[in-house]
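What follows is one structure encoded as structure tokens, with my remarks underneath.
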Amino acid sequence: MNIMEVDTVRLDEKKKAVVIIDQTRLPGQIEFLELKNAEEIWRAIYLLQVRGAPAIGVCAALGLYVLAEQIKEEDYEAFWARLKKVSDYLNSSRPTAVNLSWALERMERCLEIYHFNGGEDDRAGWLFCLHEEALKIYAEDIAVCRRLGEYGMSLIRDGDGILTHCNAGKLAAVRYGTATAPIYVGMEAGNHYRVFCDETRPLLQGARLTAFELQAAGVDTTLICDNMSASVMKRGWVDAVFVGCDRVAANGDTANKIGTSVLAAVARQYKIPVYVVAPTSTIDMRTASGDDIVIEERKPEEVTEMWYSERMAPEGIKVYNPAFDVTDHSLIAGIVTEYGIARAPYAESFRDIFARKEACGGDLLVQN
Ligand SMILES: CSC[C@@H](O)[C@@H](O)C(=O)COP(=O)(O)O
């Protein structure tokens, strides 16, 4: 099976389950998981069986619909209270990727609006509304990532060398991914790129996931260790850095996988532009700057043991394991969104991007 031909996350209507590719088994095995209850969905997100900001958001939205089906209350207040509780529970699975709370809030809001505006105000109606919204979030992810690819492609030329960090590829979304979308869309147009992917310690998303999916897509891919980026840049092999992100603050500071800020600092040294590729759902205008972004800290074993059959570090060693870091906006050449490319000063540029979004009803699918 070619990983590029299956959606990372989808709804199985018959089985009433969210189906995900288990990313902890890649690249060795392509296995699917059927998530049917709240604990399974929470654990899948927490354990990174589904990961990457957009994929987490889609999984949570589809998951909330699946869980809503299991709420039998016919009284709206009781139905709403149960749904809110389960939504808050899913939201507690990971703190940094804003797409998680964004998707859950969107689901909650759509139900409230539906209820207050009348219509078929019964359990069947509420489920219909949640079903439509969840599928909309899923479909939008595909359309939005495609548009990110089109805008991102305008920043590179045929033959360029691109360096990426972590996995912001199709495995981090439903299809195209964010940072990889310009590569995939460019390839459809007949272009070829040389892509370097950082292995991305500690969990090796670059080696296990990005290298795997780029290779499956037929991209000229070279895997490097995280500490090799300066070497490939110095040799002139890299024309641009493309990364995804988990949360962009209103001033353009960007939280992404740990190591991104180091990469951005190195790229600045070699005058190589760093582009963050992000759907507007990842831009959090309620967070003023990177200082206000909550950075997830994960367990020490991810550094001392995980993904290796033997322990690599001495027992009892002190470990610091933040999953993300914040890249200062001054190191970012542009933030590629589905409504255009934002540039510094970001606060102003984001206002234009959101005005454009507002102008088409906030709905990219309508605009197409
Ligand atoms: C399009 S995905 C953007 C980010 O979520 C991605 O770059 C990243 O840092 C993922 O981290 P992960 O811990 O694997 O979920």
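In the structure tokens, chains take letters A, B, ... by order of appearance, with residues numbered from 1 within each chain and ligands from 1 in the order shown.
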Using only C-alpha atoms and all ligand atoms, find each residue with an atom at most 7 Å away from ligand 1 and format the answer as a PDB file with N, CA and C atoms, in the first residue's frame.
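Okay, out_3.pdb is ready:
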```
ATOM      1  N   LEU A  48       0.760  10.165  20.196  1.00  0.00           N
ATOM      2  CA  LEU A  48       1.226  10.541  18.853  1.00  0.00           C
ATOM      3  C   LEU A  48       0.930   9.465  17.806  1.00  0.00           C
ATOM      4  N   ARG A  51      -0.766  12.665  14.959  1.00  0.00           N
ATOM      5  CA  ARG A  51      -0.041  13.843  15.435  1.00  0.00           C
ATOM      6  C   ARG A  51       0.130  14.810  14.279  1.00  0.00           C
ATOM      7  N   GLY A  52       0.673  15.981  14.611  1.00  0.00           N
ATOM      8  CA  GLY A  52       0.716  17.058  13.621  1.00  0.00           C
ATOM      9  C   GLY A  52      -0.544  17.887  13.835  1.00  0.00           C
ATOM     10  N   ALA A  53      -0.364  19.225  13.940  1.00  0.00           N
ATOM     11  CA  ALA A  53      -1.479  20.082  14.356  1.00  0.00           C
ATOM     12  C   ALA A  53      -2.777  19.884  13.548  1.00  0.00           C
ATOM     13  N   PRO A  54      -2.736  19.938  12.198  1.00  0.00           N
ATOM     14  CA  PRO A  54      -4.017  19.813  11.483  1.00  0.00           C
ATOM     15  C   PRO A  54      -4.670  18.434  11.674  1.00  0.00           C
ATOM     16  N   ALA A  97      -0.606  22.434  20.188  1.00  0.00           N
ATOM     17  CA  ALA A  97      -1.250  22.592  18.872  1.00  0.00           C
ATOM     18  C   ALA A  97      -2.633  23.216  19.038  1.00  0.00           C
ATOM     19  N   HIS A 165      11.808  20.189   8.855  1.00  0.00           N
ATOM     20  CA  HIS A 165      12.034  19.668  10.208  1.00  0.00           C
ATOM     21  C   HIS A 165      10.765  19.000  10.703  1.00  0.00           C
ATOM     22  N   CYS A 166      10.917  17.944  11.455  1.00  0.00           N
ATOM     23  CA  CYS A 166       9.793  17.176  11.995  1.00  0.00           C
ATOM     24  C   CYS A 166       8.956  16.631  10.831  1.00  0.00           C
ATOM     25  N   ASN A 167       7.693  16.402  11.061  1.00  0.00           N
ATOM     26  CA  ASN A 167       6.818  16.007   9.952  1.00  0.00           C
ATOM     27  C   ASN A 167       5.642  16.971   9.893  1.00  0.00           C
ATOM     28  N   ALA A 168       5.650  17.792   8.851  1.00  0.00           N
ATOM     29  CA  ALA A 168       4.509  18.658   8.563  1.00  0.00           C
ATOM     30  C   ALA A 168       4.000  18.240   7.192  1.00  0.00           C
ATOM     31  N   GLY A 169       4.010  16.949   6.980  1.00  0.00           N
ATOM     32  CA  GLY A 169       3.622  16.376   5.694  1.00  0.00           C
ATOM     33  C   GLY A 169       2.203  15.864   5.713  1.00  0.00           C
ATOM     34  N   ALA A 172       0.731  14.630   8.817  1.00  0.00           N
ATOM     35  CA  ALA A 172       0.372  15.599   9.856  1.00  0.00           C
ATOM     36  C   ALA A 172      -0.948  16.297   9.529  1.00  0.00           C
ATOM     37  N   ALA A 173      -1.540  15.923   8.396  1.00  0.00           N
ATOM     38  CA  ALA A 173      -2.818  16.518   7.995  1.00  0.00           C
ATOM     39  C   ALA A 173      -3.655  15.386   7.393  1.00  0.00           C
ATOM     40  N   GLY A 177      -0.477  17.895   3.596  1.00  0.00           N
ATOM     41  CA  GLY A 177       0.385  18.431   4.643  1.00  0.00           C
ATOM     42  C   GLY A 177       0.506  19.938   4.495  1.00  0.00           C
ATOM     43  N   THR A 178       1.357  20.547   5.312  1.00  0.00           N
ATOM     44  CA  THR A 178       1.545  21.999   5.198  1.00  0.00           C
ATOM     45  C   THR A 178       2.920  22.295   4.579  1.00  0.00           C
ATOM     46  N   ALA A 179       3.994  22.026   5.309  1.00  0.00           N
ATOM     47  CA  ALA A 179       5.335  22.344   4.785  1.00  0.00           C
ATOM     48  C   ALA A 179       5.665  21.543   3.530  1.00  0.00           C
ATOM     49  N   GLN A 205      10.372  12.077  14.060  1.00  0.00           N
ATOM     50  CA  GLN A 205       9.292  12.223  13.072  1.00  0.00           C
ATOM     51  C   GLN A 205       9.845  12.464  11.671  1.00  0.00           C
ATOM     52  N   VAL A 243       8.825  24.854   7.194  1.00  0.00           N
ATOM     53  CA  VAL A 243       8.393  24.101   8.380  1.00  0.00           C
ATOM     54  C   VAL A 243       6.905  24.339   8.622  1.00  0.00           C
ATOM     55  N   GLY A 244       6.309  23.433   9.368  1.00  0.00           N
ATOM     56  CA  GLY A 244       4.930  23.631   9.793  1.00  0.00           C
ATOM     57  C   GLY A 244       4.934  24.308  11.146  1.00  0.00           C
ATOM     58  N   CYS A 245       3.809  24.309  11.831  1.00  0.00           N
ATOM     59  CA  CYS A 245       3.801  24.877  13.181  1.00  0.00           C
ATOM     60  C   CYS A 245       2.569  24.420  13.944  1.00  0.00           C
ATOM     61  N   ASP A 246       2.657  24.559  15.246  1.00  0.00           N
ATOM     62  CA  ASP A 246       1.569  24.141  16.137  1.00  0.00           C
ATOM     63  C   ASP A 246       0.747  25.308  16.634  1.00  0.00           C
ATOM     64  N   ASN A 256       6.879  25.402  17.034  1.00  0.00           N
ATOM     65  CA  ASN A 256       6.919  24.179  16.219  1.00  0.00           C
ATOM     66  C   ASN A 256       7.847  23.194  16.921  1.00  0.00           C
ATOM     67  N   LYS A 257       7.985  22.042  16.352  1.00  0.00           N
ATOM     68  CA  LYS A 257       8.772  20.964  16.958  1.00  0.00           C
ATOM     69  C   LYS A 257      10.118  21.470  17.450  1.00  0.00           C
ATOM     70  N   ALA A 323       8.685  19.476  23.958  1.00  0.00           N
ATOM     71  CA  ALA A 323       8.353  18.949  22.626  1.00  0.00           C
ATOM     72  C   ALA A 323       8.425  20.023  21.541  1.00  0.00           C
ATOM     73  N   PHE A 324       8.353  21.290  21.953  1.00  0.00           N
ATOM     74  CA  PHE A 324       8.319  22.364  20.957  1.00  0.00           C
ATOM     75  C   PHE A 324       9.227  23.501  21.388  1.00  0.00           C
TER      76      PHE A 324
END
```
Can you tell me which residues surround A:Val266 at a distance of at most 12 Å, considering only C-alpha atoms, apart from same-chain residues fewer than 6 positions away, and format the answer as an mmCIF file with N, CA and C atoms, in the first residue's frame?
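Wrote selection16.cif, looks like this:
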```cif
data_model
loop_
_atom_site.group_PDB
_atom_site.id
_atom_site.type_symbol
_atom_site.label_atom_id
_atom_site.label_comp_id
_atom_site.auth_asym_id
_atom_site.auth_seq_id
_atom_site.Cartn_x
_atom_site.Cartn_y
_atom_site.Cartn_z
ATOM 1 N N LEU A 163 14.882 22.354 2.945
ATOM 2 C CA LEU A 163 15.121 21.621 4.192
ATOM 3 C C LEU A 163 13.867 21.707 5.062
ATOM 4 N N ASP A 226 19.881 16.117 13.008
ATOM 5 C CA ASP A 226 19.534 17.510 13.316
ATOM 6 C C ASP A 226 20.764 18.415 13.344
ATOM 7 N N ASN A 227 21.895 17.857 13.739
ATOM 8 C CA ASN A 227 23.089 18.697 13.856
ATOM 9 C C ASN A 227 23.864 18.828 12.549
ATOM 10 N N MET A 228 23.241 18.474 11.425
ATOM 11 C CA MET A 228 23.930 18.554 10.129
ATOM 12 C C MET A 228 23.423 19.701 9.261
ATOM 13 N N SER A 229 22.425 20.439 9.752
ATOM 14 C CA SER A 229 21.815 21.451 8.878
ATOM 15 C C SER A 229 22.837 22.505 8.436
ATOM 16 N N ALA A 230 23.728 22.925 9.342
ATOM 17 C CA ALA A 230 24.717 23.943 8.959
ATOM 18 C C ALA A 230 25.612 23.411 7.839
ATOM 19 N N SER A 231 25.951 22.140 7.896
ATOM 20 C CA SER A 231 26.830 21.565 6.867
ATOM 21 C C SER A 231 26.175 21.590 5.489
ATOM 22 N N VAL A 232 24.916 21.196 5.413
ATOM 23 C CA VAL A 232 24.279 21.193 4.085
ATOM 24 C C VAL A 232 24.002 22.614 3.604
ATOM 25 N N MET A 233 23.748 23.516 4.543
ATOM 26 C CA MET A 233 23.518 24.915 4.140
ATOM 27 C C MET A 233 24.810 25.536 3.626
ATOM 28 N N LYS A 234 25.899 25.266 4.318
ATOM 29 C CA LYS A 234 27.190 25.837 3.935
ATOM 30 C C LYS A 234 27.607 25.357 2.541
ATOM 31 N N VAL A 238 20.863 24.132 0.134
ATOM 32 C CA VAL A 238 19.518 24.489 0.621
ATOM 33 C C VAL A 238 19.144 25.899 0.161
ATOM 34 N N VAL A 241 13.996 26.959 3.734
ATOM 35 C CA VAL A 241 13.539 26.058 4.803
ATOM 36 C C VAL A 241 12.027 26.197 4.891
ATOM 37 N N GLY A 259 13.705 22.289 18.112
ATOM 38 C CA GLY A 259 14.797 22.308 17.132
ATOM 39 C C GLY A 259 14.532 23.265 15.982
ATOM 40 N N THR A 260 13.279 23.690 15.825
ATOM 41 C CA THR A 260 12.970 24.600 14.714
ATOM 42 C C THR A 260 13.678 25.937 14.898
ATOM 43 N N ILE A 272 19.449 32.080 4.344
ATOM 44 C CA ILE A 272 18.463 31.212 3.690
ATOM 45 C C ILE A 272 17.084 31.508 4.293
ATOM 46 N N PRO A 273 16.073 31.782 3.454
ATOM 47 C CA PRO A 273 14.764 32.143 4.021
ATOM 48 C C PRO A 273 14.071 30.960 4.708
ATOM 49 N N VAL A 274 13.431 31.269 5.827
ATOM 50 C CA VAL A 274 12.648 30.266 6.561
ATOM 51 C C VAL A 274 11.174 30.611 6.386
ATOM 52 N N THR A 327 10.077 29.961 17.587
ATOM 53 C CA THR A 327 10.974 30.683 16.690
ATOM 54 C C THR A 327 10.532 32.137 16.670
ATOM 55 N N LEU A 331 13.070 35.843 12.694
ATOM 56 C CA LEU A 331 13.821 34.844 11.920
ATOM 57 C C LEU A 331 12.980 34.227 10.795
#
```
Counting only C-alpha atoms, which residues in stretch 61-126 of chain A sit no more than 12 Å from stretch 285-298 of chain A? For each one, give the nearest pair of atoms and the distance in Å, sorted by chain then residue number, as a tab-separated table.
```
residue	atom	partner	partner_atom	distance
A:Ser92	CA	A:Glu296	CA	11.3
A:Ser93	CA	A:Glu296	CA	10.3
A:Arg94	CA	A:Glu296	CA	7.1
A:Pro95	CA	A:Glu296	CA	6.0
A:Thr96	CA	A:Ile295	CA	5.8
A:Ala97	CA	A:Glu296	CA	9.3
A:Val98	CA	A:Ile293	CA	9.6
A:Trp102	CA	A:Arg286	CA	11.6
```
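Between A:Arg247 and the candidates A:Ile335, A:Val58, A:Cys129, A:Val319, the tightest atom-to-atom separation, counting only C-alpha atoms, involves A:Ile335.
With only C-alpha atoms as the atoms that count, the minimum distance from A:Thr210 to the choices A:Phe196, A:Tyr339, A:Tyr270, A:Tyr89 is reached by A:Phe196.
Taking atom CA of A:Ser154 and atom CA of A:Pro182 as the two end points, the separation is 8.2 Å.
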Handout entry: Spatial neighbours of stretch 345-355 of chain A, 10 Å, only C-alpha atoms, chain gap at least 3 places, as a PyMOL selection string
Key = chain A and resi 249-253+280+283+285+288+329-330+334-335+337-342+358-362
Using only N, CA and C atoms, please write the residues we just selected to a file, as a CSV table (one decimal), in the first residue's frame.
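Result file follows (part32.csv):
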```csv
chain,number,residue,atom,x,y,z
A,249,ALA,N,1.6,32.9,17.2
A,249,ALA,CA,1.1,34.0,18.0
A,249,ALA,C,0.8,35.2,17.2
A,250,ALA,N,0.0,36.2,17.7
A,250,ALA,CA,-0.4,37.3,16.9
A,250,ALA,C,0.8,38.1,16.4
A,251,ASN,N,1.9,38.1,17.1
A,251,ASN,CA,3.1,38.9,16.6
A,251,ASN,C,4.0,38.0,15.6
A,252,GLY,N,3.5,36.8,15.2
A,252,GLY,CA,4.3,36.0,14.3
A,252,GLY,C,5.3,35.0,14.9
A,253,ASP,N,5.5,35.1,16.2
A,253,ASP,CA,6.3,34.1,16.9
A,253,ASP,C,5.6,32.7,16.7
A,280,THR,N,-4.8,29.1,8.5
A,280,THR,CA,-5.2,30.1,9.5
A,280,THR,C,-5.7,29.6,10.8
A,283,ILE,N,-3.2,30.0,13.4
A,283,ILE,CA,-2.8,31.3,13.9
A,283,ILE,C,-3.7,31.7,15.1
A,285,MET,N,-4.8,34.4,17.3
A,285,MET,CA,-4.7,35.9,17.6
A,285,MET,C,-5.0,36.2,19.1
A,288,ALA,N,-0.7,36.6,22.4
A,288,ALA,CA,0.0,37.8,22.0
A,288,ALA,C,1.4,37.5,21.4
A,329,HIS,N,9.7,35.8,15.5
A,329,HIS,CA,9.2,36.2,14.2
A,329,HIS,C,10.3,36.9,13.4
A,330,SER,N,11.3,37.4,14.0
A,330,SER,CA,12.4,38.1,13.3
A,330,SER,C,13.2,37.1,12.4
A,334,GLY,N,8.5,34.5,6.0
A,334,GLY,CA,7.1,34.7,5.6
A,334,GLY,C,6.3,33.5,6.2
A,335,ILE,N,5.0,33.8,6.5
A,335,ILE,CA,4.1,32.7,7.0
A,335,ILE,C,3.0,32.5,5.9
A,337,THR,N,-0.2,31.1,4.4
A,337,THR,CA,-1.5,30.7,4.8
A,337,THR,C,-2.3,30.4,3.5
A,338,GLU,N,-3.5,29.9,3.7
A,338,GLU,CA,-4.4,29.6,2.6
A,338,GLU,C,-5.0,30.8,2.0
A,339,TYR,N,-4.8,32.0,2.6
A,339,TYR,CA,-5.3,33.2,2.1
A,339,TYR,C,-4.2,34.2,1.7
A,340,GLY,N,-3.0,33.6,1.5
A,340,GLY,CA,-1.9,34.5,1.1
A,340,GLY,C,-0.7,34.4,2.0
A,341,ILE,N,0.4,35.1,1.7
A,341,ILE,CA,1.6,35.0,2.5
A,341,ILE,C,1.7,36.2,3.4
A,342,ALA,N,1.8,35.9,4.7
A,342,ALA,CA,1.9,37.0,5.6
A,342,ALA,C,3.4,37.3,5.8
A,358,GLU,N,-12.6,36.5,6.0
A,358,GLU,CA,-13.9,37.0,6.3
A,358,GLU,C,-14.7,37.3,5.0
A,359,ALA,N,-14.0,37.9,4.1
A,359,ALA,CA,-14.7,38.3,2.9
A,359,ALA,C,-15.3,37.2,2.1
A,360,CYS,N,-14.7,36.0,2.2
A,360,CYS,CA,-15.4,34.8,1.5
A,360,CYS,C,-16.1,33.9,2.5
A,361,GLY,N,-16.6,34.6,3.6
A,361,GLY,CA,-17.4,33.8,4.5
A,361,GLY,C,-16.6,32.9,5.4
A,362,GLY,N,-15.3,33.0,5.4
A,362,GLY,CA,-14.4,32.1,6.2
A,362,GLY,C,-14.4,30.7,5.6
```
Practice task
Go through A:Ile317, A:Val336, A:Leu64, A:Val50 and flag the residue nearest A:Val174, using only C-alpha atoms for the distances.
Solution key: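 Of the candidates, the smallest distance to A:Val174 is held by A:Val50.
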Practice task
Could you give me the residues within stretch 149-343 of chain A that DSSP places in alpha helix (DSSP H), as a PyMOL selection string?
Solution key: chain A and resi 149-153+181-188+205+211-216+229-234+260-269+301-304
Practice task
List the neighbours of A:Leu67 out to 8 Å using only C-alpha atoms; skip same-chain residues closer than 5 positions along the sequence, and give me the result as an MDAnalysis selection string.
Solution key: chainID A and resid 36:38 83 86
